[in-house]
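File shown: work32.cif. Contents: mmCIF, C-alpha atoms.
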```
data_coords
loop_
_atom_site.label_atom_id
_atom_site.label_comp_id
_atom_site.auth_asym_id
_atom_site.auth_seq_id
_atom_site.Cartn_x
_atom_site.Cartn_y
_atom_site.Cartn_z
CA MET A 1 -6.81 37.82 3.01
CA PRO A 2 -6.81 35.48 -0.04
CA ILE A 3 -3.53 34.68 -1.78
CA THR A 4 -3.40 36.14 -5.28
CA PRO A 5 -1.25 34.90 -8.18
CA SER A 6 0.89 38.03 -8.00
CA ASP A 7 1.52 37.34 -4.30
CA VAL A 8 2.74 33.86 -5.18
CA LEU A 9 5.07 35.02 -7.94
CA GLU A 10 6.56 37.74 -5.78
CA GLU A 11 7.06 35.38 -2.85
CA VAL A 12 8.69 32.73 -5.03
CA ARG A 13 11.04 35.18 -6.70
CA GLN A 14 12.14 36.67 -3.39
CA PHE A 15 12.32 33.60 -1.17
CA GLY A 16 12.08 30.59 -3.50
CA SER A 17 8.82 29.26 -2.05
CA VAL A 18 5.34 30.20 -0.92
CA LYS A 19 5.70 28.77 2.57
CA GLU A 20 5.51 32.20 4.12
CA LEU A 21 2.12 32.69 2.52
CA SER A 22 0.44 29.32 2.95
CA SER A 23 1.12 25.72 3.96
CA GLU A 24 -1.97 24.57 2.08
CA ARG A 25 -1.88 23.20 -1.46
CA LEU A 26 -2.07 26.00 -4.00
CA GLU A 27 -4.17 26.01 -7.14
CA LEU A 28 -2.80 28.61 -9.53
CA PRO A 29 -4.11 29.92 -12.87
CA HIS A 30 -2.42 28.31 -15.85
CA GLN A 31 -0.61 31.49 -16.89
CA GLU A 32 0.92 31.89 -13.44
CA VAL A 33 2.07 28.26 -13.48
CA LEU A 34 3.74 28.84 -16.85
CA ALA A 35 5.51 31.90 -15.43
CA LEU A 36 6.90 29.80 -12.57
CA VAL A 37 7.97 27.07 -15.00
CA ALA A 38 9.86 29.69 -17.02
CA GLU A 39 11.46 31.04 -13.84
CA LEU A 40 12.65 27.60 -12.77
CA ARG A 41 13.86 26.70 -16.26
CA SER A 42 15.95 29.89 -16.33
CA ARG A 43 17.52 29.05 -12.97
CA LEU A 44 18.26 25.47 -14.05
CA GLU A 45 19.90 26.63 -17.28
CA ALA A 46 22.13 29.01 -15.34
CA LYS A 47 23.03 26.43 -12.70
CA LEU A 48 23.60 23.41 -14.94
CA ALA A 49 25.21 25.12 -17.95
CA SER A 50 28.73 24.36 -16.74
CA GLU A 51 27.89 20.65 -16.38
CA SER A 52 26.50 20.29 -19.91
CA LEU A 53 23.37 18.62 -18.54
CA GLN A 54 20.13 18.48 -20.49
CA ILE A 55 17.31 20.52 -18.97
CA PRO A 56 14.05 18.61 -18.37
CA ASP A 57 11.08 19.55 -20.50
CA ASP A 58 8.46 21.99 -19.26
CA ASP A 59 6.01 19.21 -18.34
CA SER A 60 8.58 17.70 -15.96
CA ILE A 61 9.34 21.10 -14.46
CA GLN A 62 5.64 21.81 -13.95
CA LEU A 63 5.11 18.38 -12.37
CA THR A 64 7.94 19.00 -9.91
CA LEU A 65 6.58 22.41 -8.95
CA ASP A 66 3.14 20.87 -8.44
CA VAL A 67 4.44 18.08 -6.18
CA TRP A 68 6.44 20.55 -4.10
CA ASN A 69 3.60 23.08 -3.94
CA TYR A 70 5.49 25.68 -5.97
CA ASP A 71 8.49 25.67 -3.64
CA LEU A 72 11.15 26.82 -6.09
CA VAL A 73 14.09 25.93 -3.84
CA GLU A 74 12.96 22.33 -3.30
CA SER A 75 11.91 21.92 -6.93
CA MET A 76 15.30 23.18 -8.07
CA ARG A 77 17.10 20.75 -5.76
CA ILE A 78 15.03 17.77 -6.94
CA LEU A 79 15.50 18.59 -10.62
CA GLU A 80 19.25 19.12 -10.23
CA ASN A 81 19.54 15.70 -8.58
CA PHE A 82 17.31 14.18 -11.26
CA CYS A 83 19.46 15.54 -14.11
CA ARG A 84 22.72 14.44 -12.52
CA PHE A 85 21.48 10.97 -11.62
CA ARG A 86 19.88 10.19 -14.98
CA THR A 87 22.97 11.46 -16.83
CA GLU A 88 25.47 9.57 -14.64
CA ALA A 89 23.40 6.37 -14.84
CA SER A 90 22.90 6.79 -18.61
CA TRP A 91 19.13 6.65 -18.13
CA PRO A 92 16.82 8.62 -20.43
CA TYR A 93 14.84 11.46 -18.88
CA LYS A 94 11.64 9.81 -20.17
CA LEU A 95 11.30 6.08 -19.54
CA SER A 96 9.25 3.77 -21.76
CA ALA A 97 7.09 0.73 -21.01
CA ARG A 98 7.95 -0.72 -24.40
CA GLN A 99 11.68 -0.50 -23.73
CA LEU A 100 11.21 -1.92 -20.23
CA GLU A 101 8.58 -4.54 -21.06
CA GLN A 102 10.77 -7.51 -20.12
CA ALA A 103 11.60 -5.95 -16.75
CA LEU A 104 7.94 -5.06 -16.15
CA ARG A 105 6.95 -8.69 -16.72
CA SER A 106 9.46 -9.89 -14.11
CA ASN A 107 6.88 -9.12 -11.36
CA VAL A 108 9.61 -7.51 -9.26
CA HIS A 109 7.43 -4.38 -9.02
CA TRP A 110 3.68 -3.85 -9.16
CA LEU A 111 2.01 -0.45 -9.18
CA LEU A 112 -1.41 -0.96 -7.61
CA ASP A 113 -4.53 0.97 -8.56
CA GLY A 114 -5.65 1.43 -4.94
CA TYR A 115 -4.40 3.65 -2.13
CA ASP A 116 -3.52 3.28 1.54
CA ARG A 117 -5.76 4.70 4.27
CA ASN A 118 -4.04 8.09 3.88
CA GLY A 119 -4.73 8.33 0.17
CA ARG A 120 -1.17 7.45 -0.87
CA GLY A 121 -0.31 5.34 -3.91
CA ILE A 122 1.09 1.83 -3.44
CA LEU A 123 4.18 0.43 -5.15
CA VAL A 124 4.96 -3.23 -4.41
CA MET A 125 8.39 -4.81 -4.54
CA ASN A 126 8.38 -8.61 -4.64
CA ALA A 127 11.89 -9.42 -3.46
CA ARG A 128 11.51 -13.14 -4.22
CA TYR A 129 11.54 -12.41 -7.95
CA LEU A 130 14.92 -10.70 -7.73
CA ALA A 131 16.52 -14.07 -7.11
CA SER A 132 14.50 -15.91 -9.75
CA ASP A 133 14.80 -13.37 -12.57
CA ARG A 134 17.86 -13.84 -14.73
CA THR A 135 16.70 -12.07 -17.86
CA CYS A 136 17.19 -8.47 -16.71
CA SER A 137 20.08 -6.67 -15.09
CA MET A 138 19.58 -5.06 -11.71
CA ALA A 139 19.89 -1.67 -13.42
CA GLU A 140 17.01 -2.56 -15.76
CA LEU A 141 14.86 -3.67 -12.82
CA GLN A 142 15.64 -0.44 -10.98
CA MET A 143 14.85 1.60 -14.09
CA MET A 144 11.52 -0.24 -14.32
CA GLY A 145 10.73 0.76 -10.72
CA ALA A 146 11.51 4.36 -11.61
CA PHE A 147 9.19 4.11 -14.63
CA LEU A 148 6.32 2.95 -12.41
CA VAL A 149 6.90 5.86 -10.05
CA GLU A 150 6.72 8.16 -13.08
CA ARG A 151 3.36 6.59 -13.88
CA ALA A 152 2.18 6.87 -10.28
CA VAL A 153 2.89 10.58 -10.03
CA THR A 154 0.58 11.32 -12.95
CA ARG A 155 -2.24 10.71 -10.43
CA ARG A 156 -3.45 13.73 -8.51
CA ALA A 157 -3.65 11.78 -5.23
CA VAL A 158 -0.01 10.67 -5.49
CA ARG A 159 1.20 14.19 -6.24
CA ASP A 160 -0.72 15.46 -3.21
CA ASN A 161 -0.17 12.62 -0.74
CA GLY A 162 2.87 10.70 -1.95
CA LEU A 163 3.58 7.01 -2.30
CA VAL A 164 4.15 4.05 0.02
CA MET A 165 6.26 1.02 -0.84
CA LEU A 166 5.25 -2.51 0.14
CA TYR A 167 8.44 -4.54 0.26
CA ASP A 168 7.44 -8.22 0.36
CA MET A 169 10.36 -10.35 1.55
CA GLN A 170 8.72 -13.76 1.70
CA HIS A 171 10.70 -16.72 0.30
CA THR A 172 13.98 -14.82 0.51
CA GLY A 173 17.15 -15.46 2.45
CA LEU A 174 20.76 -14.39 2.61
CA ALA A 175 21.15 -15.36 -1.05
CA LEU A 176 19.15 -12.21 -1.85
CA LEU A 177 22.11 -10.07 -0.85
CA ALA A 178 24.24 -11.71 -3.53
CA GLN A 179 21.97 -10.23 -6.20
CA PHE A 180 23.25 -6.70 -5.48
CA SER A 181 26.67 -5.34 -6.37
CA LEU A 182 27.97 -2.23 -4.62
CA ARG A 183 27.21 -0.30 -7.79
CA ASP A 184 23.61 -1.57 -7.73
CA ILE A 185 23.21 -0.49 -4.10
CA LEU A 186 24.61 2.99 -4.74
CA ARG A 187 22.39 3.37 -7.81
CA GLY A 188 19.36 2.24 -5.81
CA VAL A 189 20.04 4.80 -3.08
CA SER A 190 20.64 7.61 -5.57
CA MET A 191 17.52 6.95 -7.63
CA TRP A 192 15.22 7.32 -4.63
CA LYS A 193 17.13 10.02 -2.74
CA ASP A 194 15.45 13.27 -3.82
CA ALA A 195 16.06 12.56 -7.50
CA PHE A 196 12.45 12.41 -8.70
CA PRO A 197 9.40 14.55 -7.87
CA CYS A 198 7.52 11.96 -5.83
CA LYS A 199 7.50 11.72 -2.05
CA ILE A 200 8.05 8.21 -0.64
CA LYS A 201 6.17 8.48 2.64
CA ARG A 202 6.56 4.96 4.07
CA ILE A 203 8.37 1.71 3.32
CA PHE A 204 6.43 -1.21 4.78
CA LEU A 205 8.56 -4.36 5.12
CA VAL A 206 6.32 -7.41 4.97
CA ASN A 207 7.04 -11.12 5.60
CA VAL A 208 10.57 -10.34 6.77
CA PRO A 209 12.60 -13.53 7.47
CA ALA A 210 14.12 -13.75 10.94
CA VAL A 211 17.59 -13.66 9.41
CA PHE A 212 16.93 -10.08 8.27
CA SER A 213 14.79 -8.72 11.13
CA TRP A 214 17.57 -8.00 13.61
CA SER A 215 19.83 -6.38 10.99
CA ILE A 216 17.02 -4.14 9.72
CA ARG A 217 16.20 -3.00 13.26
CA ALA A 218 19.88 -2.30 13.91
CA ALA A 219 20.23 -0.38 10.65
CA ARG A 220 17.22 1.81 11.49
CA THR A 221 19.00 3.06 14.61
CA LEU A 222 21.77 4.46 12.39
CA LEU A 223 19.41 6.46 10.20
CA ALA A 224 18.23 10.00 10.72
CA ALA A 225 15.02 10.04 12.76
CA ASP A 226 12.76 11.11 9.89
CA MET A 227 14.14 8.40 7.61
CA ALA A 228 13.99 5.69 10.28
CA GLU A 229 10.35 6.59 10.91
CA ARG A 230 9.51 5.86 7.28
CA ILE A 231 10.73 2.25 7.47
CA VAL A 232 8.16 0.06 9.22
CA LEU A 233 8.48 -3.68 9.91
CA MET A 234 5.04 -5.26 9.69
CA GLU A 235 4.60 -8.14 12.13
CA GLY A 236 1.50 -9.53 10.43
CA LEU A 237 -1.54 -8.90 8.26
CA GLN A 238 -3.38 -7.08 11.04
CA GLU A 239 -0.68 -4.42 11.25
CA LEU A 240 -0.60 -4.10 7.48
CA THR A 241 -4.36 -3.72 7.12
CA ALA A 242 -4.30 -0.97 9.73
CA GLU A 243 -2.43 1.01 7.05
CA ILE A 244 -3.95 -0.43 3.86
CA ASP A 245 -7.45 -1.79 3.46
CA GLU A 246 -7.45 -5.56 2.91
CA GLU A 247 -9.12 -5.01 -0.47
CA HIS A 248 -5.94 -3.24 -1.65
CA VAL A 249 -3.44 -5.74 -0.18
CA PRO A 250 -2.25 -8.38 -2.70
CA SER A 251 -3.37 -11.94 -1.98
CA SER A 252 0.31 -12.97 -1.96
CA MET A 253 0.58 -10.97 1.29
CA GLY A 254 -2.67 -12.28 2.77
CA GLY A 255 -5.01 -9.63 1.38
CA LYS A 256 -7.93 -9.87 -1.03
CA LEU A 257 -6.46 -8.21 -4.12
CA GLU A 258 -5.75 -10.51 -7.07
CA VAL A 259 -3.08 -8.68 -9.06
CA GLN A 260 -3.39 -9.23 -12.81
CA TRP A 261 -0.02 -7.76 -13.58
CA ASP A 262 0.53 -9.12 -17.10
CA GLU A 263 -2.72 -7.47 -18.17
CA ARG A 264 -1.58 -4.20 -16.66
CA VAL A 265 1.73 -4.42 -18.51
CA ASP A 266 -0.20 -5.03 -21.75
CA GLN A 267 -2.08 -1.78 -21.09
CA LEU A 268 1.09 0.19 -20.33
CA VAL A 269 2.73 -0.98 -23.55
CA ALA A 270 -0.43 -0.40 -25.64
CA GLU A 271 -0.68 3.19 -24.37
CA GLU A 272 2.63 3.97 -26.11
CA GLU A 273 1.57 2.66 -29.52
#
```
Rewrite the structure of this file - the entire thing - as structure tokens.
Amino acid sequence: MPITPSDVLEEVRQFGSVKELSSERLELPHQEVLALVAELRSRLEAKLASESLQIPDDDSIQLTLDVWNYDLVESMRILENFCRFRTEASWPYKLSARQLEQALRSNVHWLLDGYDRNGRGILVMNARYLASDRTCSMAELQMMGAFLVERAVTRRAVRDNGLVMLYDMQHTGLALLAQFSLRDILRGVSMWKDAFPCKIKRIFLVNVPAVFSWSIRAARTLLAADMAERIVLMEGLQELTAEIDEEHVPSSMGGKLEVQWDERVDQLVAEEE
């Protein structure tokens, strides 16, 4: 029997999700989506009123529902975390390329146009630039990474399939650790831990120096199984290209993609004019 919009609304209002009805991605009529957005907004206002937190706009609420396949419980949890994190960190709810242009040009992060072999978006972190960049605070660089994830999730494929992170650690050493304060580390954990409607499916660690390999492997054993499974140490280009076609792997990691990042930043800034 096909799922009707009224079935979805009734299921959501009773149980908070549509998982009982279908595990497949739902495509709902616009009016039904607006009804769910209103439902979630009402619940957020009731829950967050005592904390004096700003409620995200309807576009953000709709995006979250879409990513979580109209699971009201999960969407509520993500948006609560989002509001608390952005408020505590003094970050705006909407980030801007123009305000973050200097951080974007640091090359610490690249958002690639291509996808991995599972149709997931690709966000690169070039750890070597963390040590060389002295013009931006770590908070600004983290905010820039969050901005790029906001851009990524505007793509249908990323909303459906999620995102992978390519963490390139070449030309780094123990001095890298000195770049992070405890506050930076806690902020970095909080910003990615269920505080934005985008699913980080895998973190591929590439060109990992020997000094870090053993500690990363040891740390993985302390993580919950599902989280440990997401963190993958890549031993070489062959392993990496088993996950991402060589055409979509940056040349700095041995692939064939020449990243023209300054041009991409120009586009991001121009789009806001």
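Between CA of Ile55 in chain A and CA of Arg41 in chain A the separation is 7.6 Å.
Polymer residues near (3.7, -9.7, -17.5): counting all atoms listed in the file with a cut-off of 10 Å, they are Glu101, Gln102, Ala103, Leu104, Arg105, Ser106, Asn107, Gln260, Trp261, Asp262, Glu263, Arg264, Val265 and Asp266 of chain A.
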What is the CA of Gln267 in chain A-CA of Phe85 in chain A distance in Å, reported with one decimal? 28.4 Å
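Each of A:Glu140, A:Glu235, A:Asp160, A:Glu32 was checked against Ser96 in chain A using all atoms listed in the file; the smallest atom-to-atom distance is that of A:Glu140.
Among the candidate residues A:Arg117, A:Arg77, A:His248, A:Arg43, the one lying nearest to Asp194 in chain A is A:Arg77, with distances computed using all atoms listed in the file.
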